[in-house]
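Have a look at run39.cif below; it lists mmCIF, N, CA and C atoms.
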```
data_my_file
#
loop_
_atom_site.label_atom_id
_atom_site.label_comp_id
_atom_site.auth_asym_id
_atom_site.auth_seq_id
_atom_site.Cartn_x
_atom_site.Cartn_y
_atom_site.Cartn_z
N MET A 5 7.80 -24.99 -4.96
CA MET A 5 8.61 -26.11 -5.40
C MET A 5 8.36 -26.35 -6.89
N GLN A 6 9.40 -26.40 -7.67
CA GLN A 6 9.28 -26.68 -9.09
C GLN A 6 9.22 -28.19 -9.29
N ASP A 7 8.40 -28.61 -10.22
CA ASP A 7 8.30 -30.03 -10.52
C ASP A 7 8.08 -30.19 -12.02
N THR A 8 8.32 -31.38 -12.51
CA THR A 8 8.17 -31.65 -13.94
C THR A 8 6.69 -31.71 -14.30
N PRO A 9 6.25 -30.88 -15.24
CA PRO A 9 4.86 -30.94 -15.68
C PRO A 9 4.51 -32.36 -16.15
N GLY A 10 3.33 -32.81 -15.75
CA GLY A 10 2.88 -34.14 -16.12
C GLY A 10 3.21 -35.21 -15.08
N SER A 11 4.03 -34.85 -14.07
CA SER A 11 4.32 -35.82 -13.01
C SER A 11 3.03 -36.17 -12.28
N ILE A 12 2.90 -37.44 -11.92
CA ILE A 12 1.71 -37.90 -11.23
C ILE A 12 2.11 -38.35 -9.83
N TYR A 13 1.32 -37.91 -8.84
CA TYR A 13 1.60 -38.25 -7.45
C TYR A 13 0.38 -38.89 -6.81
N ARG A 14 0.66 -39.74 -5.82
CA ARG A 14 -0.38 -40.38 -5.02
C ARG A 14 -0.12 -40.00 -3.57
N PHE A 15 -1.13 -39.45 -2.90
CA PHE A 15 -1.02 -39.08 -1.50
C PHE A 15 -2.18 -39.68 -0.73
N ASN A 16 -1.90 -40.12 0.51
CA ASN A 16 -3.03 -40.43 1.38
C ASN A 16 -3.39 -39.12 2.09
N LYS A 17 -4.41 -39.14 2.92
CA LYS A 17 -4.88 -37.90 3.54
C LYS A 17 -3.80 -37.25 4.40
N GLU A 18 -3.09 -38.04 5.19
CA GLU A 18 -2.06 -37.47 6.07
C GLU A 18 -0.95 -36.81 5.26
N GLU A 19 -0.54 -37.44 4.16
CA GLU A 19 0.49 -36.86 3.31
C GLU A 19 0.00 -35.57 2.65
N MET A 20 -1.27 -35.57 2.23
CA MET A 20 -1.83 -34.39 1.58
C MET A 20 -1.93 -33.23 2.57
N ASP A 21 -2.32 -33.54 3.81
CA ASP A 21 -2.43 -32.49 4.84
C ASP A 21 -1.12 -31.75 5.03
N SER A 22 -0.01 -32.46 4.92
CA SER A 22 1.29 -31.82 5.14
C SER A 22 1.68 -30.87 4.01
N HIS A 23 0.98 -30.93 2.87
CA HIS A 23 1.30 -30.08 1.73
C HIS A 23 0.33 -28.91 1.56
N LEU A 24 -0.74 -28.88 2.35
CA LEU A 24 -1.75 -27.84 2.18
C LEU A 24 -1.66 -26.80 3.28
N PRO A 25 -1.80 -25.52 2.90
CA PRO A 25 -1.82 -24.48 3.93
C PRO A 25 -3.17 -24.49 4.65
N PRO A 26 -3.20 -24.03 5.89
CA PRO A 26 -4.48 -23.96 6.60
C PRO A 26 -5.36 -22.87 5.98
N PRO A 27 -6.68 -22.99 6.11
CA PRO A 27 -7.55 -21.94 5.57
C PRO A 27 -7.29 -20.62 6.30
N THR A 28 -7.50 -19.51 5.61
CA THR A 28 -7.24 -18.21 6.22
C THR A 28 -8.49 -17.56 6.79
N THR A 29 -9.67 -18.03 6.38
CA THR A 29 -10.91 -17.49 6.94
C THR A 29 -11.90 -18.64 7.12
N ALA A 30 -12.95 -18.38 7.88
CA ALA A 30 -14.00 -19.38 8.09
C ALA A 30 -14.78 -19.64 6.80
N HIS A 31 -14.70 -18.72 5.86
CA HIS A 31 -15.44 -18.87 4.60
C HIS A 31 -14.65 -19.63 3.55
N GLU A 32 -13.41 -19.90 3.82
CA GLU A 32 -12.53 -20.59 2.87
C GLU A 32 -12.54 -22.08 3.20
N VAL A 33 -13.57 -22.78 2.74
CA VAL A 33 -13.72 -24.21 3.02
C VAL A 33 -13.28 -25.00 1.80
N THR A 34 -12.36 -25.92 2.03
CA THR A 34 -11.85 -26.75 0.95
C THR A 34 -12.22 -28.21 1.19
N PHE A 35 -11.95 -29.04 0.20
CA PHE A 35 -12.23 -30.47 0.35
C PHE A 35 -11.52 -31.06 1.56
N PRO A 36 -10.22 -30.75 1.78
CA PRO A 36 -9.58 -31.27 3.00
C PRO A 36 -10.27 -30.82 4.29
N ASP A 37 -10.83 -29.60 4.29
CA ASP A 37 -11.58 -29.14 5.47
C ASP A 37 -12.79 -30.03 5.73
N VAL A 38 -13.46 -30.40 4.67
CA VAL A 38 -14.63 -31.28 4.80
C VAL A 38 -14.19 -32.64 5.35
N LEU A 39 -13.07 -33.15 4.87
CA LEU A 39 -12.56 -34.42 5.39
C LEU A 39 -12.22 -34.31 6.87
N PHE A 40 -11.60 -33.18 7.26
CA PHE A 40 -11.25 -32.98 8.65
C PHE A 40 -12.50 -32.97 9.53
N LYS A 41 -13.52 -32.27 9.08
CA LYS A 41 -14.77 -32.21 9.85
C LYS A 41 -15.42 -33.59 9.95
N SER A 42 -15.32 -34.38 8.87
CA SER A 42 -15.89 -35.73 8.93
C SER A 42 -15.10 -36.60 9.90
N GLU A 43 -13.80 -36.35 10.05
CA GLU A 43 -13.00 -37.06 11.05
C GLU A 43 -13.47 -36.73 12.46
N LEU A 44 -13.77 -35.44 12.69
CA LEU A 44 -14.26 -35.03 14.01
C LEU A 44 -15.56 -35.73 14.36
N MET A 45 -16.35 -36.02 13.34
CA MET A 45 -17.63 -36.71 13.54
C MET A 45 -17.47 -38.23 13.55
N GLY A 46 -16.25 -38.72 13.31
CA GLY A 46 -16.01 -40.15 13.27
C GLY A 46 -16.52 -40.82 12.02
N GLU A 47 -16.65 -40.05 10.93
CA GLU A 47 -17.22 -40.59 9.69
C GLU A 47 -16.32 -40.36 8.48
N ALA A 48 -15.01 -40.23 8.69
CA ALA A 48 -14.10 -39.95 7.58
C ALA A 48 -13.79 -41.21 6.79
N PRO A 49 -13.96 -41.15 5.48
CA PRO A 49 -13.58 -42.31 4.65
C PRO A 49 -12.08 -42.33 4.43
N GLU A 50 -11.55 -43.51 4.09
CA GLU A 50 -10.15 -43.56 3.67
C GLU A 50 -10.07 -42.81 2.35
N THR A 51 -9.09 -41.95 2.22
CA THR A 51 -9.02 -41.08 1.05
C THR A 51 -7.64 -41.14 0.43
N ILE A 52 -7.62 -41.26 -0.90
CA ILE A 52 -6.38 -41.24 -1.68
C ILE A 52 -6.52 -40.11 -2.70
N PHE A 53 -5.50 -39.29 -2.83
CA PHE A 53 -5.48 -38.21 -3.81
C PHE A 53 -4.52 -38.59 -4.93
N LEU A 54 -4.97 -38.53 -6.17
CA LEU A 54 -4.12 -38.70 -7.34
C LEU A 54 -4.01 -37.34 -8.00
N CYS A 55 -2.79 -36.85 -8.17
CA CYS A 55 -2.58 -35.48 -8.64
C CYS A 55 -1.63 -35.45 -9.83
N ILE A 56 -1.90 -34.54 -10.77
CA ILE A 56 -1.03 -34.32 -11.93
C ILE A 56 -0.50 -32.90 -11.85
N VAL A 57 0.81 -32.74 -12.03
CA VAL A 57 1.41 -31.41 -12.06
C VAL A 57 1.05 -30.74 -13.38
N PRO A 58 0.40 -29.57 -13.34
CA PRO A 58 0.04 -28.90 -14.59
C PRO A 58 1.25 -28.31 -15.28
N GLN A 59 1.08 -27.98 -16.55
CA GLN A 59 2.17 -27.42 -17.33
C GLN A 59 2.41 -25.96 -16.96
N ASN A 60 1.36 -25.24 -16.62
CA ASN A 60 1.48 -23.81 -16.35
C ASN A 60 0.60 -23.45 -15.14
N TYR A 61 1.22 -23.06 -14.04
CA TYR A 61 0.48 -22.66 -12.83
C TYR A 61 -0.10 -21.26 -12.94
N LYS A 62 0.55 -20.41 -13.70
CA LYS A 62 0.20 -18.99 -13.70
C LYS A 62 -1.07 -18.69 -14.50
N ASP A 63 -1.36 -19.49 -15.50
CA ASP A 63 -2.50 -19.22 -16.38
C ASP A 63 -3.55 -20.32 -16.21
N LEU A 64 -4.02 -20.50 -14.95
CA LEU A 64 -5.00 -21.55 -14.70
C LEU A 64 -6.35 -21.17 -15.29
N GLN A 65 -6.93 -22.08 -16.04
CA GLN A 65 -8.24 -21.87 -16.66
C GLN A 65 -9.12 -23.05 -16.33
N MET A 66 -10.40 -22.92 -16.59
CA MET A 66 -11.35 -23.99 -16.30
C MET A 66 -11.26 -25.12 -17.33
N GLU A 67 -10.80 -24.81 -18.53
CA GLU A 67 -10.69 -25.83 -19.56
C GLU A 67 -9.41 -26.63 -19.36
N MET A 68 -9.49 -27.92 -19.62
CA MET A 68 -8.30 -28.76 -19.51
C MET A 68 -7.45 -28.58 -20.76
N THR A 69 -6.15 -28.42 -20.56
CA THR A 69 -5.24 -28.24 -21.69
C THR A 69 -5.03 -29.59 -22.38
N PRO A 70 -4.66 -29.60 -23.65
CA PRO A 70 -4.34 -30.86 -24.32
C PRO A 70 -3.24 -31.63 -23.60
N PHE A 71 -2.27 -30.92 -23.02
CA PHE A 71 -1.18 -31.56 -22.28
C PHE A 71 -1.74 -32.40 -21.12
N LEU A 72 -2.61 -31.81 -20.30
CA LEU A 72 -3.19 -32.55 -19.18
C LEU A 72 -4.15 -33.64 -19.66
N TYR A 73 -4.88 -33.35 -20.70
CA TYR A 73 -5.80 -34.35 -21.25
C TYR A 73 -5.04 -35.61 -21.64
N ASP A 74 -3.87 -35.45 -22.25
CA ASP A 74 -3.05 -36.60 -22.64
C ASP A 74 -2.56 -37.38 -21.43
N LYS A 75 -2.35 -36.71 -20.30
CA LYS A 75 -1.88 -37.37 -19.08
C LYS A 75 -2.97 -38.20 -18.40
N PHE A 76 -4.22 -37.98 -18.76
CA PHE A 76 -5.31 -38.71 -18.11
C PHE A 76 -5.30 -40.19 -18.46
N ILE A 77 -4.65 -40.59 -19.52
CA ILE A 77 -4.52 -42.02 -19.82
C ILE A 77 -3.70 -42.68 -18.71
N ASP A 78 -2.59 -42.03 -18.33
CA ASP A 78 -1.78 -42.56 -17.23
C ASP A 78 -2.54 -42.50 -15.91
N MET A 79 -3.25 -41.40 -15.68
CA MET A 79 -4.02 -41.24 -14.45
C MET A 79 -5.09 -42.33 -14.33
N GLU A 80 -5.71 -42.67 -15.44
CA GLU A 80 -6.71 -43.74 -15.43
C GLU A 80 -6.10 -45.06 -14.97
N LYS A 81 -4.90 -45.35 -15.42
CA LYS A 81 -4.22 -46.58 -14.99
C LYS A 81 -4.01 -46.60 -13.48
N PHE A 82 -3.56 -45.47 -12.92
CA PHE A 82 -3.36 -45.38 -11.47
C PHE A 82 -4.69 -45.51 -10.72
N LEU A 83 -5.73 -44.90 -11.25
CA LEU A 83 -7.05 -45.00 -10.62
C LEU A 83 -7.55 -46.44 -10.61
N LEU A 84 -7.37 -47.16 -11.71
CA LEU A 84 -7.79 -48.55 -11.77
C LEU A 84 -7.02 -49.42 -10.77
N ILE A 85 -5.74 -49.12 -10.57
CA ILE A 85 -4.95 -49.84 -9.57
C ILE A 85 -5.51 -49.59 -8.18
N GLU A 86 -5.85 -48.34 -7.88
CA GLU A 86 -6.42 -48.01 -6.56
C GLU A 86 -7.76 -48.70 -6.35
N LEU A 87 -8.60 -48.72 -7.37
CA LEU A 87 -9.91 -49.37 -7.26
C LEU A 87 -9.75 -50.88 -7.07
N GLU A 88 -8.76 -51.46 -7.76
CA GLU A 88 -8.51 -52.90 -7.61
C GLU A 88 -8.07 -53.22 -6.18
N LYS A 89 -7.26 -52.35 -5.57
CA LYS A 89 -6.84 -52.55 -4.18
C LYS A 89 -8.05 -52.59 -3.23
N LEU A 90 -9.11 -51.90 -3.61
CA LEU A 90 -10.33 -51.86 -2.79
C LEU A 90 -11.33 -52.95 -3.20
N ASN A 91 -10.89 -53.85 -4.09
CA ASN A 91 -11.75 -54.92 -4.62
C ASN A 91 -12.99 -54.39 -5.33
N ILE A 92 -12.84 -53.27 -6.00
CA ILE A 92 -13.93 -52.70 -6.77
C ILE A 92 -13.73 -53.12 -8.22
N LYS A 93 -14.70 -53.83 -8.76
CA LYS A 93 -14.64 -54.30 -10.13
C LYS A 93 -15.49 -53.39 -11.01
N LEU A 94 -14.96 -52.99 -12.12
CA LEU A 94 -15.68 -52.12 -13.03
C LEU A 94 -16.38 -52.94 -14.10
N GLU A 95 -17.52 -52.45 -14.51
CA GLU A 95 -18.26 -53.08 -15.60
C GLU A 95 -18.46 -52.06 -16.71
N ARG A 96 -18.33 -52.51 -17.92
CA ARG A 96 -18.58 -51.62 -19.06
C ARG A 96 -20.09 -51.53 -19.25
N LEU A 97 -20.58 -50.32 -19.37
CA LEU A 97 -22.00 -50.10 -19.61
C LEU A 97 -22.32 -50.42 -21.06
N PRO A 98 -23.48 -51.01 -21.31
CA PRO A 98 -23.85 -51.27 -22.70
C PRO A 98 -24.06 -49.95 -23.45
N ASP A 99 -23.76 -49.97 -24.73
CA ASP A 99 -23.99 -48.77 -25.55
C ASP A 99 -25.47 -48.45 -25.57
N ALA A 100 -25.77 -47.18 -25.48
CA ALA A 100 -27.18 -46.74 -25.46
C ALA A 100 -27.80 -46.78 -26.84
#
```
Show the structure stored in the file as structure tokens.
Amino acid sequence: MQDTPGSIYRFNKEEMDSHLPPPTTAHEVTFPDVLFKSELMGEAPETIFLCIVPQNYKDLQMEMTPFLYDKFIDMEKFLLIELEKLNIKLERLPDA
């Protein structure tokens, strides 16, 4: 599916599950697999995924591109909204 680079999405666990393929081997363990196993144990936390569509899927590297780095300002706003919904208040740490 093509999407606009820089688009930001919010998924709960059930919505995210519908977008992920199942693992192909027992050695292919992903974060959603860990969440699934924690559900089986009755210890799954409520989980929200905030995702940004990258500019280029084909040339994935470990370094963040300037394009994605610029999108993190918007992502931070969404994260703060989610934390506020959970009544989590942030404090600024004093300068060292």
(request) Name the residues captured by the PyMOL selection byres ((chain A and resi 43-59) around 7) when it is applied to the shown file; answer as a list in words. (result)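 Listing what the PyMOL selection byres ((chain A and resi 43-59) around 7) selects in the shown file: Asp7, Thr8, Pro9, Gly10, Ser11, Ile12, Tyr13, Arg14, Phe15, Asn16, Lys17, Val38, Leu39, Phe40, Lys41, Ser42, Asn60, Tyr61, Lys62, Phe71 and Leu72 of chain A.
Note that the spacing between atom C of Leu87 in chain A and atom C of Met20 in chain A amounts to 21.6 Å.
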(request) Mind the document's chain letters and residue numbers, and return as a ChimeraX atom specification the residues of chain A that DSSP labels strand (DSSP E). (result) /A:12-16,52-56
(message) What's the separation between atom C of Gln65 in chain A and atom N of Gln6 in chain A, in Å to one decimal place?
(response)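 Rounded to one decimal, the two atoms are 20.7 Å apart.
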(message) Using Å and a single decimal, report how far CA of Phe76 in chain A sits from atom C of Asn91 in chain A.
(response) 21.6 Å
(message) Please extract the residues of chain A with a backbone DSSP assignment of helix (DSSP H, G or I) and present them as a ChimeraX atom specification.
(response) /A:17-21,35-44,70-89
Go ahead and fit an axis-aligned box to every listed atom of range 43-59 of chain A plus 4 Å each side, and pass me the centre and edge lengths in Å, one decimal, as AutoDock Vina command-line options.
```
--center_x -7.6 --center_y -34.8 --center_z -1.5 --size_x 28.0 --size_y 25.6 --size_z 39.7
```
